[in-house]
Amino acid sequence: MKPNPEDRVDRLKRAQPSRDPDNDPEGRIPPGQYLTEKFPVLSKGPTPNIDLERWQFRIFGNVANEVVLNYQEFTDLPQVTITTDFHCVTRWSMLDSTWEGIPIREVIDRVDILSSSKFVMVQAYGQYTTNLPLSDLIDEDVLFAHSWNGEPLSSEHGGPLRLVVPKLYAWKSAKWVNGLEFLENDQPGYWEQAGYHKHGDPFKEERFS
Ligand SMILES: Nc1nc2c(c(=O)[nH]1)N[C@H]1C(S)=C(S)[C@@H](COP(=O)(O)O)O[C@H]1N2
Ligand SMILES: [Mo]
């Protein structure tokens with residue numbers, strides 16, 4: 001069965017319109033988006049039950065050596081706190097979320113990625129996948145977050161750990177993330193196979209392909 005398109009737009013109707021200079025003087029709300037003060041939950045399936053003792057993060061594919069990290073090893077890596085915006089393709093945008101976690105660079109530095117790798121398939125518990133160009137993944141504002149606005153990230157929002165890629169639509173920010181598969185060629189992930197755009201830049205409205 002094909003996944004249903006998300007249909008949460010209705011309850012955002014009372015939210016504020018985008019591209020209104022009074023609401024959005026800095027132009028931070030991408031075209032066709034509405035501001036939300038809430039943090040809606042959007043998941044394709046149930047929230048997985050994740051045992052931290054068995055949690056594993058696997059880095060594999062087009063790399064010289066596979067790397068597997070347990071939760072302790074992963075969260076012992078140096079941390080950052082980033083305040084950024086978050087845009088869902090169903091048209092809500094949330095400004096100024098503060099995420100705390102491990103910057104992508106700290107993880108990447110521990111892997112010998114083959115130079116022919118140009119894309120990544122992000123893997124998550126619950127069979128979720130999403131594809132990214134390597135250049136969008138390895139960027140200053142990308143992190144694996146375990147906290148949101150000073151609180152541990154709730155499981156419905158992707159705890160214990162989720163990817164955050166602020167510059168792309170939020171479906172690229174995999175909740176319950178547990179791996180990175182390096183690829184030479186781009187391949188569609190879960191929503192991308194269902195018709196979402198392979199790239200997903202909200203400012204270019206790359207919603208669907
Ligand atoms: N593993 C996983 N990650 C996911 C999803 C999902 O269904 N499963 N949904 C994506 C979508 S479509 C969005 S908009 C954001 C929503 O994150 P939130 O539920 O914390 O708001 O998570 C993304 N990451
Ligand atoms: Mo989404």
# chains A, B, ... in the order shown; residues from 1 in each chain; ligands from 1
call {"tool": "residues_near_ligand", "arguments": {"ligand": "ligand 1", "cutoff": "8 Å", "atoms": "only C-alpha atoms and all ligand atoms", "output": "PyMOL selection string"}}
result
chain A and resi 6+39-45+87-90+123-129+156-158+162+169-177+191
call {"tool": "write_last_selection", "arguments": {"atoms": "N, CA and C atoms", "output": "compact mmCIF listing (two decimals), in the first residue's frame"}}
result
# COMPACT_ATOMS: atom_id res chain seq x y z
N GLU A 6 0.34 13.38 3.74
CA GLU A 6 0.02 13.95 5.05
C GLU A 6 -1.14 14.94 4.89
N PHE A 39 4.49 22.39 18.18
CA PHE A 39 5.44 21.46 17.57
C PHE A 39 4.61 20.22 17.21
N PRO A 40 3.99 20.23 16.02
CA PRO A 40 3.15 19.09 15.65
C PRO A 40 3.97 17.80 15.53
N VAL A 41 3.30 16.68 15.65
CA VAL A 41 3.96 15.38 15.46
C VAL A 41 3.52 14.83 14.12
N LEU A 42 4.47 14.45 13.30
CA LEU A 42 4.16 13.79 12.03
C LEU A 42 5.02 12.55 11.89
N SER A 43 4.37 11.40 11.94
CA SER A 43 5.07 10.13 11.82
C SER A 43 4.28 9.23 10.88
N LYS A 44 5.00 8.47 10.07
CA LYS A 44 4.33 7.58 9.13
C LYS A 44 3.76 6.35 9.83
N GLY A 45 4.25 6.06 11.00
CA GLY A 45 3.78 4.86 11.71
C GLY A 45 3.87 5.10 13.20
N HIS A 87 10.81 23.48 8.84
CA HIS A 87 9.72 23.65 7.88
C HIS A 87 9.19 22.31 7.41
N CYS A 88 7.92 22.06 7.65
CA CYS A 88 7.30 20.80 7.18
C CYS A 88 6.60 21.03 5.86
N VAL A 89 6.69 20.06 4.99
CA VAL A 89 6.07 20.16 3.67
C VAL A 89 4.54 20.29 3.76
N THR A 90 3.95 19.86 4.86
CA THR A 90 2.51 20.04 5.06
C THR A 90 2.17 21.50 5.43
N GLN A 123 19.00 6.32 7.75
CA GLN A 123 18.22 5.16 8.19
C GLN A 123 17.65 5.42 9.58
N ALA A 124 16.47 4.90 9.82
CA ALA A 124 15.88 5.08 11.15
C ALA A 124 15.11 3.85 11.58
N TYR A 125 14.92 3.72 12.89
CA TYR A 125 14.05 2.66 13.42
C TYR A 125 12.67 2.84 12.80
N GLY A 126 12.00 1.72 12.52
CA GLY A 126 10.68 1.77 11.90
C GLY A 126 10.73 1.82 10.38
N GLN A 127 11.89 1.42 9.83
CA GLN A 127 12.04 1.33 8.37
C GLN A 127 11.94 2.65 7.64
N TYR A 128 12.15 3.76 8.34
CA TYR A 128 12.11 5.06 7.66
C TYR A 128 13.47 5.33 7.04
N THR A 129 13.44 5.86 5.83
CA THR A 129 14.68 6.27 5.17
C THR A 129 14.44 7.63 4.50
N GLU A 156 8.00 10.74 20.68
CA GLU A 156 7.18 11.02 19.49
C GLU A 156 7.87 11.99 18.53
N HIS A 157 8.77 12.81 19.06
CA HIS A 157 9.53 13.73 18.20
C HIS A 157 10.88 13.15 17.77
N GLY A 158 11.10 11.88 18.06
CA GLY A 158 12.29 11.23 17.52
C GLY A 158 13.33 10.80 18.53
N ARG A 162 17.42 12.15 16.89
CA ARG A 162 16.93 12.40 15.54
C ARG A 162 17.93 13.26 14.80
N TYR A 169 13.12 20.50 3.90
CA TYR A 169 11.84 20.16 4.55
C TYR A 169 12.07 19.08 5.61
N ALA A 170 11.23 19.13 6.62
CA ALA A 170 11.46 18.35 7.83
C ALA A 170 11.41 16.83 7.62
N TRP A 171 10.85 16.38 6.49
CA TRP A 171 10.86 14.92 6.32
C TRP A 171 12.29 14.39 6.16
N LYS A 172 13.24 15.27 5.84
CA LYS A 172 14.64 14.86 5.76
C LYS A 172 15.26 14.71 7.15
N SER A 173 14.60 15.26 8.17
CA SER A 173 15.12 15.20 9.54
C SER A 173 14.59 13.93 10.21
N ALA A 174 15.25 12.82 9.92
CA ALA A 174 14.76 11.52 10.36
C ALA A 174 14.72 11.39 11.88
N LYS A 175 13.55 11.03 12.38
CA LYS A 175 13.40 10.72 13.81
C LYS A 175 13.92 9.30 14.05
N TRP A 176 14.32 9.01 15.28
CA TRP A 176 14.79 7.66 15.66
C TRP A 176 15.91 7.18 14.73
N VAL A 177 16.77 8.11 14.38
CA VAL A 177 17.82 7.81 13.40
C VAL A 177 18.76 6.73 13.94
N TRP A 191 9.59 8.74 1.79
CA TRP A 191 8.64 9.72 1.21
C TRP A 191 9.00 10.08 -0.22
call {"tool": "select_by_dssp", "arguments": {"residues": "stretch 1-195 of chain A", "states": "helix (DSSP H, G or I)", "output": "number ranges by chain"}}
result
A: 10-12, 71-75, 104-108, 134-137, 155-157, 170-172, 190-193
call {"tool": "select_by_dssp", "arguments": {"residues": "stretch 70-99 of chain A", "states": "strand (DSSP E or B)", "output": "list of chain:residue names"}}
result
A:Asn70, A:Val80, A:Thr81, A:Ile82, A:Thr83, A:Thr84, A:Asp85, A:Phe86, A:His87, A:Trp92, A:Ser93, A:Met94, A:Leu95, A:Asp96, A:Ser97, A:Thr98, A:Trp99
call {"tool": "residues_around", "arguments": {"residues": "A:Glu37", "least_positions_apart": "2", "cutoff": "9 Å", "atoms": "only C-alpha atoms", "output": "list in words"}}
result
Ala15, Leu35, Phe39, Ser93, Met94 and Leu95 of chain A
call {"tool": "write_last_selection", "arguments": {"atoms": "C-alpha atoms", "output": "compact mmCIF listing (two decimals), in the first residue's frame"}}
result
# COMPACT_ATOMS: atom_id res chain seq x y z
CA ALA A 15 -2.14 30.16 11.75
CA LEU A 35 3.87 29.88 11.17
CA PHE A 39 5.44 21.46 17.57
CA SER A 93 7.00 26.30 9.92
CA MET A 94 8.35 26.57 13.44
CA LEU A 95 10.89 29.30 14.12
call {"tool": "atom_distance", "arguments": {"atom1": "atom CA of A:Trp148", "atom2": "atom CA of A:Asn70"}}
result
21.4 Å
call {"tool": "closest_residue", "arguments": {"among": "A:Phe144, A:Phe119, A:Tyr34, A:Phe203", "to": "A:Asp186", "atoms": "only C-alpha atoms"}}
result
A:Phe119
call {"tool": "residues_around", "arguments": {"residues": "stretch 80-83 of chain A", "least_positions_apart": "5", "cutoff": "10 Å", "atoms": "only C-alpha atoms", "output": "number ranges by chain"}}
result
A: 95-103, 140-145, 147-150, 164, 166
call {"tool": "write_last_selection", "arguments": {"atoms": "C-alpha atoms", "output": "PDB file, in the first residue's frame"}}
result
ATOM      1  CA  LEU A  95      10.891  29.300  14.120  1.00  0.00           C
ATOM      2  CA  ASP A  96      13.742  29.360  16.625  1.00  0.00           C
ATOM      3  CA  SER A  97      13.826  25.823  17.934  1.00  0.00           C
ATOM      4  CA  THR A  98      16.859  25.088  20.017  1.00  0.00           C
ATOM      5  CA  TRP A  99      18.353  21.689  19.358  1.00  0.00           C
ATOM      6  CA  GLU A 100      21.173  20.128  21.312  1.00  0.00           C
ATOM      7  CA  GLY A 101      23.189  17.151  20.213  1.00  0.00           C
ATOM      8  CA  ILE A 102      26.111  15.921  18.192  1.00  0.00           C
ATOM      9  CA  PRO A 103      27.123  17.890  15.097  1.00  0.00           C
ATOM     10  CA  GLU A 140      27.457  23.462   9.966  1.00  0.00           C
ATOM     11  CA  ASP A 141      23.787  23.484  10.963  1.00  0.00           C
ATOM     12  CA  VAL A 142      23.176  19.709  10.787  1.00  0.00           C
ATOM     13  CA  LEU A 143      23.109  17.696  13.999  1.00  0.00           C
ATOM     14  CA  PHE A 144      21.860  14.557  15.703  1.00  0.00           C
ATOM     15  CA  ALA A 145      19.630  15.993  18.398  1.00  0.00           C
ATOM     16  CA  SER A 147      17.194  17.645  23.232  1.00  0.00           C
ATOM     17  CA  TRP A 148      14.727  20.266  22.057  1.00  0.00           C
ATOM     18  CA  ASN A 149      14.267  23.649  23.750  1.00  0.00           C
ATOM     19  CA  GLY A 150      16.229  22.478  26.760  1.00  0.00           C
ATOM     20  CA  VAL A 164      18.006  17.777  12.132  1.00  0.00           C
ATOM     21  CA  PRO A 166      17.095  22.748   9.002  1.00  0.00           C
TER      22      PRO A 166
END
call {"tool": "atom_distance", "arguments": {"atom1": "atom CA of A:Phe57", "atom2": "atom CA of A:Leu69"}}
result
5.1 Å
call {"tool": "closest_residue", "arguments": {"among": "A:Pro133, A:Pro202, A:Pro188, A:Pro31", "to": "ligand 2", "atoms": "only C-alpha atoms and all ligand atoms"}}
result
A:Pro202
call {"tool": "residues_around", "arguments": {"residues": "stretch 115-118 of chain A", "least_positions_apart": "5", "cutoff": "7 Å", "atoms": "only C-alpha atoms", "output": "list in words"}}
result
Asn62, Pro133, Leu134, Phe182, Leu183, Glu184 and Asn185 of chain A
call {"tool": "closest_residue", "arguments": {"among": "A:Pro160, A:Leu137, A:Gly200, A:Gln56", "to": "ligand 2", "atoms": "only C-alpha atoms and all ligand atoms"}}
result
A:Gly200
call {"tool": "closest_residue", "arguments": {"among": "A:Leu180, A:Leu168, A:Ile138, A:Ile50", "to": "ligand 2", "atoms": "only C-alpha atoms and all ligand atoms"}}
result
A:Leu168
call {"tool": "atom_distance", "arguments": {"atom1": "atom CA of A:Val68", "atom2": "atom CA of A:His199"}}
result
27.1 Å
call {"tool": "closest_residue", "arguments": {"among": "A:Gly61, A:Gly27, A:Gly32, A:Gly189", "to": "A:Val111", "atoms": "only C-alpha atoms"}}
result
A:Gly61
call {"tool": "closest_residue", "arguments": {"among": "A:Glu192, A:Asp112, A:Asp139, A:Glu66", "to": "ligand 2", "atoms": "only C-alpha atoms and all ligand atoms"}}
result
A:Glu192
